[in-house]
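Text of the file target_8.pdb, holding PDB, C-alpha atoms and all ligand atoms:
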ATOM      1  CA  PHE B 251      -5.400  -2.051  17.068
ATOM      2  CA  THR B 252      -2.433  -0.067  18.312
ATOM      3  CA  PHE B 253       1.071  -0.937  17.304
ATOM      4  CA  SER B 254       3.435  -1.102  20.254
ATOM      5  CA  PRO B 255       7.071  -0.788  19.322
ATOM      6  CA  SER B 256       8.912  -3.806  20.650
ATOM      7  CA  THR B 257      11.981  -1.746  21.415
ATOM      8  CA  PRO B 258      11.916   1.678  23.075
ATOM      9  CA  HIS B 259      14.552   2.974  20.682
ATOM     10  CA  SER B 260      12.020   2.834  17.862
ATOM     11  CA  LEU B 261      10.560   6.040  19.242
ATOM     12  CA  ALA B 262      13.894   7.716  19.800
ATOM     13  CA  LEU B 263      14.920   7.026  16.241
ATOM     14  CA  PHE B 264      11.916   8.749  14.838
ATOM     15  CA  GLY B 265      12.403  12.127  13.111
ATOM     16  CA  SER B 266      11.161  15.318  14.721
ATOM     17  CA  LYS B 267       8.223  16.254  12.489
ATOM     18  CA  SER B 268       5.037  16.681  14.435
ATOM     19  CA  THR B 269       2.758  18.297  11.871
ATOM     20  CA  THR B 270       0.718  15.213  11.168
ATOM     21  CA  LYS B 271      -3.001  15.520  10.842
ATOM     22  CA  GLN B 272      -5.848  13.115  10.653
ATOM     23  CA  THR B 273      -7.572  13.585   7.336
ATOM     24  CA  SER B 274     -11.194  13.184   6.487
ATOM     25  CA  ARG B 275     -12.586  11.299   3.532
ATOM     26  CA  GLU B 276     -14.167  14.558   2.340
ATOM     27  CA  LYS B 277     -10.851  16.358   2.287
ATOM     28  CA  TRP B 278      -9.361  13.471   0.394
ATOM     29  CA  ILE B 279     -12.152  13.382  -2.197
ATOM     30  CA  ASP B 280     -11.847  17.155  -2.676
ATOM     31  CA  SER B 281      -8.125  16.851  -3.140
ATOM     32  CA  ARG B 282      -8.222  14.035  -5.651
ATOM     33  CA  GLY B 283      -8.815  16.427  -8.516
ATOM     34  CA  GLY B 284      -5.436  17.927  -7.760
ATOM     35  CA  THR B 285      -3.539  14.667  -7.577
ATOM     36  CA  ALA B 286      -5.038  12.889 -10.589
ATOM     37  CA  ALA B 287      -2.705  12.170 -13.487
ATOM     38  CA  PRO B 288      -3.499  14.555 -16.346
ATOM     39  CA  ALA B 289      -5.084  12.935 -19.397
ATOM     40  CA  SER B 290      -2.014  13.788 -21.464
ATOM     41  CA  GLU B 291      -0.020  11.244 -19.443
ATOM     42  CA  SER B 292      -2.298   8.437 -20.587
ATOM     43  CA  GLY B 293      -0.444   6.394 -23.181
ATOM     44  CA  PRO B 294      -1.957   3.829 -25.524
ATOM     45  CA  SER B 295      -1.703   1.031 -22.958
ATOM     46  CA  LEU B 296      -3.705   2.926 -20.313
ATOM     47  CA  SER B 297      -7.487   2.623 -20.104
ATOM     48  CA  THR B 298     -10.255   4.263 -18.102
ATOM     49  CA  ASN B 299     -12.939   2.278 -16.281
ATOM     50  CA  ASP B 300     -16.643   3.215 -16.038
ATOM     51  CA  GLY B 301     -15.933   5.120 -12.822
ATOM     52  CA  GLY B 302     -13.275   7.307 -14.449
ATOM     53  CA  LEU B 303     -10.258   5.533 -12.937
ATOM     54  CA  THR B 304      -7.128   4.909 -15.007
ATOM     55  CA  TYR B 305      -5.509   1.496 -15.235
ATOM     56  CA  ALA B 306      -2.769  -0.274 -17.141
ATOM     57  CA  THR B 307      -3.225  -3.758 -18.569
ATOM     58  CA  LEU B 308      -0.103  -5.927 -18.648
ATOM     59  CA  THR B 309       0.145  -9.010 -20.846
ATOM     60  CA  SER B 310       2.766 -11.759 -20.932
ATOM     61  CA  PRO B 311       3.703 -13.705 -24.095
ATOM     62  CA  ASN B 312       1.461 -16.655 -23.124
ATOM     63  CA  GLY B 313      -1.519 -14.416 -22.396
ATOM     64  CA  SER B 314      -1.337 -13.967 -18.608
ATOM     65  CA  THR B 315      -2.706 -10.535 -17.710
ATOM     66  CA  ALA B 316      -2.694  -8.057 -14.841
ATOM     67  CA  LYS B 317      -4.514  -4.784 -14.242
ATOM     68  CA  VAL B 318      -2.871  -2.003 -12.250
ATOM     69  CA  TYR B 319      -4.870   1.087 -11.256
ATOM     70  CA  THR B 320      -3.166   4.430 -10.776
ATOM     71  CA  LEU B 321      -5.432   5.034  -7.758
ATOM     72  CA  GLY B 322      -3.313   3.595  -4.993
ATOM     73  CA  ALA B 323      -1.049   1.792  -7.504
ATOM     74  CA  CYS B 324      -3.403  -1.108  -6.910
ATOM     75  CA  VAL B 325      -3.063  -4.376  -8.841
ATOM     76  CA  THR B 326      -6.686  -5.524  -9.063
ATOM     77  CA  SER B 327      -6.349  -8.552 -11.321
ATOM     78  CA  TYR B 328      -3.806 -11.263 -12.045
ATOM     79  CA  GLU B 329      -5.044 -13.939 -14.409
ATOM     80  CA  SER B 330      -2.853 -16.809 -15.496
ATOM     81  CA  GLY B 331      -3.792 -20.054 -17.245
ATOM     82  CA  GLY B 332      -7.457 -19.040 -17.122
ATOM     83  CA  THR B 333      -7.510 -18.576 -13.329
ATOM     84  CA  GLU B 334      -7.997 -15.223 -11.605
ATOM     85  CA  PHE B 335      -5.859 -15.074  -8.466
ATOM     86  CA  LEU B 336      -6.815 -11.678  -7.025
ATOM     87  CA  ALA B 337     -10.147 -10.546  -5.599
ATOM     88  CA  VAL B 338     -11.830  -7.168  -5.473
ATOM     89  CA  ARG B 339     -14.514  -7.029  -2.808
ATOM     90  CA  PRO B 340     -18.099  -6.717  -4.094
ATOM     91  CA  ASP B 341     -18.519  -3.593  -1.941
ATOM     92  CA  ALA B 342     -15.369  -1.951  -3.355
ATOM     93  CA  LYS B 343     -15.808   1.475  -4.919
ATOM     94  CA  MET B 344     -14.209   1.678  -8.338
ATOM     95  CA  ASP B 345     -14.946   5.347  -8.922
ATOM     96  CA  GLY B 346     -12.447   7.071  -6.639
ATOM     97  CA  SER B 347     -14.945   7.754  -3.832
ATOM     98  CA  LYS B 348     -12.961   5.359  -1.571
ATOM     99  CA  PRO B 349      -9.635   3.559  -1.833
ATOM    100  CA  ILE B 350      -9.956   0.280  -3.727
ATOM    101  CA  SER B 351     -10.740  -2.566  -1.320
ATOM    102  CA  GLY B 352      -9.204  -5.433  -3.184
ATOM    103  CA  GLY B 353      -6.255  -6.659  -5.214
ATOM    104  CA  LEU B 354      -2.836  -5.757  -3.869
ATOM    105  CA  ALA B 355      -3.981  -2.673  -1.964
ATOM    106  CA  PHE B 356      -1.001  -0.491  -1.139
ATOM    107  CA  CYS B 357      -0.689   0.637   2.485
ATOM    108  CA  TRP B 358       2.006   3.247   3.126
ATOM    109  CA  PRO B 359       3.514   4.891   5.179
ATOM    110  CA  GLN B 360       1.340   3.337   7.857
ATOM    111  CA  PHE B 361      -0.329  -0.026   8.253
ATOM    112  CA  GLY B 362      -3.515  -0.375  10.284
ATOM    113  CA  PRO B 363      -5.380   2.353  12.143
ATOM    114  CA  ASP B 364      -2.570   3.773  14.255
ATOM    115  CA  SER B 365       1.073   2.801  14.509
ATOM    116  CA  GLY B 366       1.314   4.336  17.970
ATOM    117  CA  LEU B 367       4.448   6.213  16.924
ATOM    118  CA  GLU B 368       4.909   9.962  16.764
ATOM    119  CA  GLY B 369       4.388  11.067  13.182
ATOM    120  CA  LEU B 370       2.683   7.820  12.245
ATOM    121  CA  THR B 371      -0.844   8.547  13.351
ATOM    122  CA  LEU B 372      -2.371   8.827   9.927
ATOM    123  CA  GLN B 373      -5.650   7.439   8.716
ATOM    124  CA  GLN B 374      -6.107   3.653   8.553
ATOM    125  CA  HIS B 375      -3.497   2.151   6.169
ATOM    126  CA  GLY B 376      -1.895   5.526   5.291
ATOM    127  CA  PHE B 377      -2.424   7.692   2.232
ATOM    128  CA  ALA B 378      -0.709   5.820  -0.621
ATOM    129  CA  ARG B 379      -3.928   4.182  -1.720
ATOM    130  CA  ASN B 380      -5.811   7.484  -1.680
ATOM    131  CA  VAL B 381      -3.858   9.173  -4.419
ATOM    132  CA  ASP B 382      -3.359   8.709  -8.116
ATOM    133  CA  TRP B 383       0.193   7.566  -8.689
ATOM    134  CA  LYS B 384       1.907   8.962 -11.755
ATOM    135  CA  VAL B 385       2.728   6.512 -14.544
ATOM    136  CA  SER B 386       6.409   7.009 -15.270
ATOM    137  CA  SER B 387       6.826   4.204 -17.791
ATOM    138  CA  THR B 388       4.771   1.418 -19.252
ATOM    139  CA  THR B 389       5.326  -1.400 -21.716
ATOM    140  CA  ASP B 390       3.187  -4.389 -22.688
ATOM    141  CA  ASP B 391       4.358  -6.374 -19.663
ATOM    142  CA  SER B 392       5.414  -3.781 -17.097
ATOM    143  CA  VAL B 393       4.343  -0.512 -15.518
ATOM    144  CA  THR B 394       6.193   1.805 -13.149
ATOM    145  CA  MET B 395       4.265   4.278 -11.028
ATOM    146  CA  THR B 396       5.586   6.961  -8.707
ATOM    147  CA  MET B 397       4.161   8.946  -5.817
ATOM    148  CA  GLU B 398       5.695  12.160  -4.505
ATOM    149  CA  PRO B 399       4.407  14.614  -1.912
ATOM    150  CA  ASP B 400       1.801  17.114  -3.036
ATOM    151  CA  ASP B 401      -0.088  19.576  -0.832
ATOM    152  CA  TYR B 402      -2.595  16.921   0.219
ATOM    153  CA  ILE B 403       0.169  14.566   1.375
ATOM    154  CA  LYS B 404       2.289  17.310   2.935
ATOM    155  CA  GLY B 405      -0.728  18.331   5.041
ATOM    156  CA  MET B 406      -0.510  14.930   6.746
ATOM    157  CA  TRP B 407       3.108  13.901   6.458
ATOM    158  CA  ASP B 408       5.631  16.546   5.546
ATOM    159  CA  TYR B 409       8.645  14.641   4.275
ATOM    160  CA  ASP B 410      10.494  14.736   0.989
ATOM    161  CA  PHE B 411      10.236  11.306  -0.582
ATOM    162  CA  THR B 412       9.735   9.396  -3.809
ATOM    163  CA  CYS B 413       7.893   6.089  -3.897
ATOM    164  CA  GLU B 414       8.408   3.985  -6.988
ATOM    165  CA  TYR B 415       6.480   0.815  -7.681
ATOM    166  CA  THR B 416       7.005  -1.495 -10.624
ATOM    167  CA  VAL B 417       4.687  -4.343 -11.522
ATOM    168  CA  SER B 418       5.719  -6.706 -14.288
ATOM    169  CA  ILE B 419       4.242  -9.888 -15.641
ATOM    170  CA  SER B 420       5.913 -12.872 -17.268
ATOM    171  CA  ASP B 421       4.551 -16.243 -18.330
ATOM    172  CA  ASP B 422       4.962 -17.881 -14.933
ATOM    173  CA  LYS B 423       4.736 -15.045 -12.366
ATOM    174  CA  LEU B 424       3.857 -11.505 -11.417
ATOM    175  CA  ASP B 425       6.654  -9.396  -9.930
ATOM    176  CA  THR B 426       6.228  -6.346  -7.696
ATOM    177  CA  SER B 427       9.039  -4.051  -6.673
ATOM    178  CA  PHE B 428       8.647  -1.124  -4.296
ATOM    179  CA  LYS B 429      11.279   1.450  -3.420
ATOM    180  CA  VAL B 430      10.948   4.476  -1.180
ATOM    181  CA  SER B 431      13.702   7.080  -1.324
ATOM    182  CA  ASN B 432      14.152   9.704   1.369
ATOM    183  CA  ASN B 433      15.146  12.836  -0.577
ATOM    184  CA  GLY B 434      15.368  15.023   2.516
ATOM    185  CA  ASP B 435      17.867  15.469   5.343
ATOM    186  CA  GLU B 436      15.941  14.034   8.258
ATOM    187  CA  SER B 437      14.998  10.416   8.758
ATOM    188  CA  PHE B 438      11.425   9.183   8.701
ATOM    189  CA  ASN B 439       9.621   6.153  10.024
ATOM    190  CA  HIS B 440       7.295   4.076   7.935
ATOM    191  CA  GLN B 441       5.479   0.811   7.838
ATOM    192  CA  ALA B 442       4.277  -0.740   4.605
ATOM    193  CA  ALA B 443       1.945  -3.429   3.350
ATOM    194  CA  LEU B 444       0.492  -4.970   0.282
ATOM    195  CA  HIS B 445      -2.973  -5.702   1.637
ATOM    196  CA  SER B 446      -3.334  -8.624  -0.760
ATOM    197  CA  TYR B 447      -6.799 -10.010  -1.457
ATOM    198  CA  PHE B 448      -6.491 -13.505  -2.935
ATOM    199  CA  LYS B 449      -9.488 -14.984  -4.699
ATOM    200  CA  VAL B 450     -10.674 -18.370  -3.449
ATOM    201  CA  SER B 451     -13.428 -20.644  -4.768
ATOM    202  CA  SER B 452     -14.763 -20.997  -1.210
ATOM    203  CA  LEU B 453     -13.178 -20.787   2.249
ATOM    204  CA  GLU B 454     -13.926 -24.461   2.802
ATOM    205  CA  ASN B 455     -11.589 -25.248  -0.117
ATOM    206  CA  LEU B 456      -8.810 -23.050   1.244
ATOM    207  CA  SER B 457      -5.715 -23.776   3.235
ATOM    208  CA  ILE B 458      -2.809 -21.410   3.663
ATOM    209  CA  GLU B 459       0.571 -23.081   3.780
ATOM    210  CA  GLY B 460       3.936 -21.499   4.522
ATOM    211  CA  SER B 461       6.237 -21.147   7.504
ATOM    212  CA  PHE B 462       3.440 -20.380  10.004
ATOM    213  CA  LYS B 463       3.983 -23.276  12.407
ATOM    214  CA  GLY B 464       5.822 -22.235  15.558
ATOM    215  CA  LYS B 465       5.621 -18.522  14.725
ATOM    216  CA  GLU B 466       4.349 -15.916  17.135
ATOM    217  CA  TYR B 467       1.272 -13.967  16.083
ATOM    218  CA  ILE B 468      -0.883 -11.169  17.398
ATOM    219  CA  ASP B 469      -4.515 -12.219  17.453
ATOM    220  CA  LYS B 470      -6.427  -8.992  16.892
ATOM    221  CA  MET B 471      -9.712 -10.870  17.342
ATOM    222  CA  ASP B 472      -8.648 -11.794  20.881
ATOM    223  CA  ASP B 473      -7.631  -8.494  22.424
ATOM    224  CA  ALA B 474      -4.355  -8.429  20.484
ATOM    225  CA  SER B 475      -3.021 -11.277  22.594
ATOM    226  CA  LYS B 476       0.218 -12.922  21.532
ATOM    227  CA  LYS B 477      -0.032 -16.569  20.586
ATOM    228  CA  THR B 478       2.068 -19.239  18.943
ATOM    229  CA  GLU B 479       0.739 -20.866  15.776
ATOM    230  CA  GLU B 480       0.547 -24.621  16.113
ATOM    231  CA  ARG B 481      -0.991 -25.502  12.766
ATOM    232  CA  ASP B 482       0.979 -26.598   9.686
ATOM    233  CA  ALA B 483      -1.574 -24.916   7.448
ATOM    234  CA  LEU B 484      -4.198 -22.308   8.269
ATOM    235  CA  THR B 485      -7.895 -22.594   7.541
ATOM    236  CA  ILE B 486     -10.489 -19.860   7.980
ATOM    237  CA  THR B 487     -13.535 -20.835  10.015
ATOM    238  CA  ALA B 488     -14.154 -17.604  11.924
ATOM    239  CA  GLU B 489     -13.446 -13.895  11.642
ATOM    240  CA  THR B 490      -9.668 -13.635  11.483
ATOM    241  CA  ASP B 491      -7.173 -10.806  11.884
ATOM    242  CA  SER B 492      -3.740 -12.151  12.800
ATOM    243  CA  VAL B 493      -0.317 -10.572  12.461
ATOM    244  CA  TYR B 494       2.341 -13.251  11.957
ATOM    245  CA  MET B 495       5.792 -11.920  12.672
ATOM    246  CA  GLY B 496       8.551 -13.319  10.480
ATOM    247  CA  VAL B 497       6.330 -15.082   7.939
ATOM    248  CA  ASN B 498       6.650 -13.888   4.338
ATOM    249  CA  ASP B 499       6.020 -17.029   2.297
ATOM    250  CA  PRO B 500       2.286 -17.819   2.398
ATOM    251  CA  VAL B 501       0.912 -20.212  -0.197
ATOM    252  CA  ILE B 502      -2.783 -19.986  -1.043
ATOM    253  CA  VAL B 503      -3.969 -23.534  -1.724
ATOM    254  CA  ASP B 504      -7.424 -23.911  -3.296
ATOM    255  CA  SER B 505      -8.724 -27.471  -3.690
ATOM    256  CA  GLY B 506     -11.737 -26.083  -5.592
ATOM    257  CA  THR B 507      -9.695 -24.725  -8.499
ATOM    258  CA  GLY B 508      -6.847 -27.225  -8.086
ATOM    259  CA  LYS B 509      -4.438 -24.274  -8.035
ATOM    260  CA  LYS B 510      -2.035 -22.754  -5.574
ATOM    261  CA  LEU B 511      -0.452 -19.336  -5.485
ATOM    262  CA  SER B 512       2.905 -18.848  -3.782
ATOM    263  CA  VAL B 513       3.936 -15.494  -2.391
ATOM    264  CA  GLU B 514       7.699 -15.326  -2.854
ATOM    265  CA  THR B 515       9.498 -12.514  -1.066
ATOM    266  CA  ALA B 516      12.905 -11.360  -2.254
ATOM    267  CA  SER B 517      13.344  -8.436   0.138
ATOM    268  CA  GLY B 518      11.607  -6.024   2.488
ATOM    269  CA  TRP B 519       8.367  -7.755   3.399
ATOM    270  CA  GLU B 520       8.888  -9.628   6.640
ATOM    271  CA  ASP B 521       5.496 -10.324   8.135
ATOM    272  CA  CYS B 522       2.119 -11.680   7.097
ATOM    273  CA  VAL B 523      -1.314 -10.489   8.170
ATOM    274  CA  VAL B 524      -4.116 -12.958   7.603
ATOM    275  CA  TRP B 525      -7.492 -11.235   7.474
ATOM    276  CA  ASN B 526     -10.996 -12.390   6.644
ATOM    277  CA  PRO B 527     -14.307 -10.776   7.729
ATOM    278  CA  TYR B 528     -15.945 -14.184   8.178
ATOM    279  CA  GLY B 529     -19.735 -13.991   7.892
ATOM    280  CA  ASN B 530     -19.800 -10.568   6.235
ATOM    281  CA  GLU B 531     -21.738 -11.281   3.045
ATOM    282  CA  GLY B 532     -21.524  -7.648   1.923
ATOM    283  CA  MET B 533     -17.754  -7.922   1.790
ATOM    284  CA  GLY B 534     -17.989 -11.280   0.004
ATOM    285  CA  PHE B 535     -16.116 -13.026   2.824
ATOM    286  CA  ASN B 536     -16.347 -16.472   1.243
ATOM    287  CA  GLU B 537     -14.610 -15.433  -1.982
ATOM    288  CA  PHE B 538     -11.271 -14.211  -0.704
ATOM    289  CA  VAL B 539      -8.639 -14.328   1.956
ATOM    290  CA  CYS B 540      -6.138 -11.589   2.672
ATOM    291  CA  ALA B 541      -2.597 -12.838   3.244
ATOM    292  CA  GLU B 542      -0.812  -9.537   3.352
ATOM    293  CA  SER B 543       2.860  -8.792   2.774
ATOM    294  CA  VAL B 544       3.755  -6.468   5.616
ATOM    295  CA  LYS B 545       6.671  -4.620   7.180
ATOM    296  CA  PHE B 546       5.161  -4.264  10.606
ATOM    297  CA  GLU B 547       8.055  -3.011  12.721
ATOM    298  CA  PRO B 548       8.588   0.535  11.410
ATOM    299  CA  VAL B 549      11.601   1.115   9.191
ATOM    300  CA  VAL B 550      13.755   4.162   9.756
ATOM    301  CA  THR B 551      14.940   5.532   6.419
ATOM    302  CA  GLU B 552      17.694   8.064   6.829
ATOM    303  CA  GLY B 553      17.951  11.241   4.734
ATOM    304  CA  GLY B 554      19.382  10.217   1.353
ATOM    305  CA  GLY B 555      18.587   6.574   2.056
ATOM    306  CA  SER B 556      16.065   4.174   0.613
ATOM    307  CA  TRP B 557      14.112   1.028   1.435
ATOM    308  CA  GLU B 558      13.009  -1.691  -0.971
ATOM    309  CA  ALA B 559      10.542  -4.546  -0.930
ATOM    310  CA  LYS B 560      10.122  -7.147  -3.651
ATOM    311  CA  MET B 561       7.472  -9.803  -3.864
ATOM    312  CA  SER B 562       6.341 -12.168  -6.609
ATOM    313  CA  LEU B 563       3.187 -14.216  -7.078
ATOM    314  CA  LYS B 564       3.768 -17.625  -8.583
ATOM    315  CA  PRO B 565       0.840 -19.855  -9.620
ATOM    316  CA  GLY B 566       1.045 -23.632  -9.657
ATOM    317  CA  ASP B 567      -1.074 -26.777  -9.859
ATOM    318  CA  LEU B 568      -1.932 -28.957  -6.857
TER     319      LEU B 568
HETATM  320  O1  LIG S   1     -11.751  -1.944   3.887
HETATM  321  P1  LIG S   1     -10.289  -1.722   3.766
HETATM  322  O2  LIG S   1      -9.885  -0.332   4.141
HETATM  323  O3  LIG S   1      -9.761  -2.139   2.428
HETATM  324  O4  LIG S   1      -9.564  -2.610   4.808
HETATM  325  C1  LIG S   1      -9.893  -3.915   4.977
HETATM  326  C2  LIG S   1      -9.626  -4.380   6.395
HETATM  327  O5  LIG S   1      -8.243  -4.439   6.604
HETATM  328  C3  LIG S   1      -7.883  -5.064   7.818
HETATM  329  O6  LIG S   1      -6.487  -5.124   7.895
HETATM  330  C4  LIG S   1      -8.424  -4.255   8.965
HETATM  331  O7  LIG S   1      -8.109  -4.896  10.191
HETATM  332  C5  LIG S   1      -9.941  -4.098   8.824
HETATM  333  O8  LIG S   1     -10.411  -3.244   9.823
HETATM  334  C6  LIG S   1     -10.279  -3.529   7.449
HETATM  335  O9  LIG S   1     -11.681  -3.504   7.266
END
Take the structure from the file and write it as structure tokens.
Amino acid sequence: FTFSPSTPHSLALFGSKSTTKQTSREKWIDSRGGTAAPASESGPSLSTNDGGLTYATLTSPNGSTAKVYTLGACVTSYESGGTEFLAVRPDAKMDGSKPISGGLAFCWPQFGPDSGLEGLTLQQHGFARNVDWKVSSTTDDSVTMTMEPDDYIKGMWDYDFTCEYTVSISDDKLDTSFKVSNNGDESFNHQAALHSYFKVSSLENLSIEGSFKGKEYIDKMDDASKKTEERDALTITAETDSVYMGVNDPVIVDSGTGKKLSVETASGWEDCVVWNPYGNEGMGFNEFVCAESVKFEPVVTEGGGSWEAKMSLKPGDL
């Protein structure tokens, strides 16, 4: 899928860097040794999984928990009231040989395979989920991770930036807060997404509520044609890959668990991509739906400027 800027000035606004390169998985794997957080940065609340990846476990007073991996700053688990709300695909690699396919997978500075914009022709979903973010602070209920350019990143996208991402848990919700600061003089373009995998008991028990009705969407399963959503609530009965412009309030309703999960956006995220690889048993298609928090139209962040996006997950009963 190729992003087409809706306004010609999107291109004109883009900064002048042209030294972007496609990167191979091999180059990424080689480079990971250089970007991994040193062991000395691991505090008492950080753990290591069987595949050698570092993660933080957050706990709220009533026992809700979340797991946040430094690889890609990926939240892989959010459990509240005995229900797990996030899914990690059964084919996900949890050893650093691939980005984590699951949880709130972090896509930045590009979403999808190719934005179509100069300087934003990186690998699918950008590089943020390829690298180990540095843990800058952690408490029992919160972790802040940062990503700054190293040689691996500069080889693809040579801008001076700091990304900061805070995940915090409380008794009734999980909060995420992302901020990118442009520390340089020239502006840069970026998209962003939390490629959120929500666990469902079965697709037949799922409906996705929110402000979808009447909204325009790009149906990537139908030659990227533009359509208008007519349903009040979405169900998944076929392979789905739809970009809903101007929807940032999906609610995952699961009649099997009797629970719902509301995505509440405070800032930044504007659009929702609904994705499911229907029929793909290897990906565990019947156990999740992606309802992704996306900034699809590229943002221009001026030198010295910043951009923020805040989203919370709020569980409830049906
Ligand atoms: O497997 P990944 O990289 O986590 O991405 C999951 C999917 O994300 C979707 O947004 C893409 O359209 C798919 O092509 C892709 O397979």
Could I get the residues of chain B with an atom no further than 10 Å from an atom of ligand LIG 1 (chain S), each paired with its nearest atom pair and that distance in Å to one decimal, using all atoms listed in the file, sorted by chain and residue number, as JSON lines?
{"residue": "B:Phe251", "atom": "CA", "partner": "S:LIG1", "partner_atom": "O7", "distance": 7.9}
{"residue": "B:Val338", "atom": "CA", "partner": "S:LIG1", "partner_atom": "O3", "distance": 9.6}
{"residue": "B:Arg339", "atom": "CA", "partner": "S:LIG1", "partner_atom": "O3", "distance": 8.6}
{"residue": "B:Asp341", "atom": "CA", "partner": "S:LIG1", "partner_atom": "O1", "distance": 9.1}
{"residue": "B:Ala342", "atom": "CA", "partner": "S:LIG1", "partner_atom": "O3", "distance": 8.1}
{"residue": "B:Lys348", "atom": "CA", "partner": "S:LIG1", "partner_atom": "O2", "distance": 8.6}
{"residue": "B:Pro349", "atom": "CA", "partner": "S:LIG1", "partner_atom": "O3", "distance": 7.1}
{"residue": "B:Ile350", "atom": "CA", "partner": "S:LIG1", "partner_atom": "O3", "distance": 6.6}
{"residue": "B:Ser351", "atom": "CA", "partner": "S:LIG1", "partner_atom": "O3", "distance": 3.9}
{"residue": "B:Gly352", "atom": "CA", "partner": "S:LIG1", "partner_atom": "O3", "distance": 6.5}
{"residue": "B:Gly353", "atom": "CA", "partner": "S:LIG1", "partner_atom": "O3", "distance": 9.5}
{"residue": "B:Ala355", "atom": "CA", "partner": "S:LIG1", "partner_atom": "O3", "distance": 7.3}
{"residue": "B:Phe356", "atom": "CA", "partner": "S:LIG1", "partner_atom": "O3", "distance": 9.6}
{"residue": "B:Cys357", "atom": "CA", "partner": "S:LIG1", "partner_atom": "O2", "distance": 9.4}
{"residue": "B:Phe361", "atom": "CA", "partner": "S:LIG1", "partner_atom": "O6", "distance": 8.0}
{"residue": "B:Gly362", "atom": "CA", "partner": "S:LIG1", "partner_atom": "O6", "distance": 6.1}
{"residue": "B:Pro363", "atom": "CA", "partner": "S:LIG1", "partner_atom": "O8", "distance": 7.9}
{"residue": "B:Gln373", "atom": "CA", "partner": "S:LIG1", "partner_atom": "O2", "distance": 10.0}
{"residue": "B:Gln374", "atom": "CA", "partner": "S:LIG1", "partner_atom": "O2", "distance": 7.0}
{"residue": "B:His375", "atom": "CA", "partner": "S:LIG1", "partner_atom": "O2", "distance": 7.1}
{"residue": "B:Gly376", "atom": "CA", "partner": "S:LIG1", "partner_atom": "O2", "distance": 10.0}
{"residue": "B:Arg379", "atom": "CA", "partner": "S:LIG1", "partner_atom": "O2", "distance": 9.5}
{"residue": "B:Ala443", "atom": "CA", "partner": "S:LIG1", "partner_atom": "O6", "distance": 9.7}
{"residue": "B:His445", "atom": "CA", "partner": "S:LIG1", "partner_atom": "O6", "distance": 7.2}
{"residue": "B:Ser446", "atom": "CA", "partner": "S:LIG1", "partner_atom": "O3", "distance": 9.7}
{"residue": "B:Tyr447", "atom": "CA", "partner": "S:LIG1", "partner_atom": "O3", "distance": 9.3}
{"residue": "B:Lys470", "atom": "CA", "partner": "S:LIG1", "partner_atom": "O7", "distance": 8.0}
{"residue": "B:Met471", "atom": "CA", "partner": "S:LIG1", "partner_atom": "O7", "distance": 9.5}
{"residue": "B:Thr490", "atom": "CA", "partner": "S:LIG1", "partner_atom": "O7", "distance": 9.0}
{"residue": "B:Asp491", "atom": "CA", "partner": "S:LIG1", "partner_atom": "O7", "distance": 6.2}
{"residue": "B:Ser492", "atom": "CA", "partner": "S:LIG1", "partner_atom": "O7", "distance": 8.9}
{"residue": "B:Val493", "atom": "CA", "partner": "S:LIG1", "partner_atom": "O6", "distance": 9.4}
{"residue": "B:Val523", "atom": "CA", "partner": "S:LIG1", "partner_atom": "O6", "distance": 7.5}
{"residue": "B:Val524", "atom": "CA", "partner": "S:LIG1", "partner_atom": "O6", "distance": 8.2}
{"residue": "B:Trp525", "atom": "CA", "partner": "S:LIG1", "partner_atom": "C3", "distance": 6.2}
{"residue": "B:Asn526", "atom": "CA", "partner": "S:LIG1", "partner_atom": "C3", "distance": 8.0}
{"residue": "B:Pro527", "atom": "CA", "partner": "S:LIG1", "partner_atom": "O9", "distance": 7.7}
{"residue": "B:Met533", "atom": "CA", "partner": "S:LIG1", "partner_atom": "O1", "distance": 8.7}
{"residue": "B:Cys540", "atom": "CA", "partner": "S:LIG1", "partner_atom": "O6", "distance": 8.3}
{"residue": "B:Ala541", "atom": "CA", "partner": "S:LIG1", "partner_atom": "O6", "distance": 9.8}
{"residue": "B:Glu542", "atom": "CA", "partner": "S:LIG1", "partner_atom": "O6", "distance": 8.5}
Exercise for review: Could you list the residues chosen by the PyMOL selection byres (((chain B and resi 482) around 7) and not hetatm) in this structure as a PyMOL selection string?
Suggested key: chain B and resi 459+462-463+480-481+483-484
Mind dumping the selected residues with C-alpha atoms as a compact mmCIF listing (two decimals), in the frame of the given file?
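Just written: selection_12.txt:
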# COMPACT_ATOMS: atom_id res chain seq x y z
CA GLU B 459 0.57 -23.08 3.78
CA PHE B 462 3.44 -20.38 10.00
CA LYS B 463 3.98 -23.28 12.41
CA GLU B 480 0.55 -24.62 16.11
CA ARG B 481 -0.99 -25.50 12.77
CA ALA B 483 -1.57 -24.92 7.45
CA LEU B 484 -4.20 -22.31 8.27
Exercise for review: Would you kindly return, as number ranges by chain, each protein, DNA or RNA residue with an atom no farther than 9 Å from any atom of Leu370 (chain B), considering only C-alpha atoms and excluding same-chain residues fewer than 6 positions away?
Suggested key: B: 270, 359-360, 364, 376, 407, 439-441
Save out the residues we just selected, C-alpha atoms, as a PDB file, keeping the file's coordinate frame.
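Saved result, again.pdb, follows:
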ATOM      1  CA  THR B 270       0.718  15.213  11.168  1.00  0.00           C
ATOM      2  CA  PRO B 359       3.514   4.891   5.179  1.00  0.00           C
ATOM      3  CA  GLN B 360       1.340   3.337   7.857  1.00  0.00           C
ATOM      4  CA  ASP B 364      -2.570   3.773  14.255  1.00  0.00           C
ATOM      5  CA  GLY B 376      -1.895   5.526   5.291  1.00  0.00           C
ATOM      6  CA  TRP B 407       3.108  13.901   6.458  1.00  0.00           C
ATOM      7  CA  ASN B 439       9.621   6.153  10.024  1.00  0.00           C
ATOM      8  CA  HIS B 440       7.295   4.076   7.935  1.00  0.00           C
ATOM      9  CA  GLN B 441       5.479   0.811   7.838  1.00  0.00           C
TER      10      GLN B 441
END
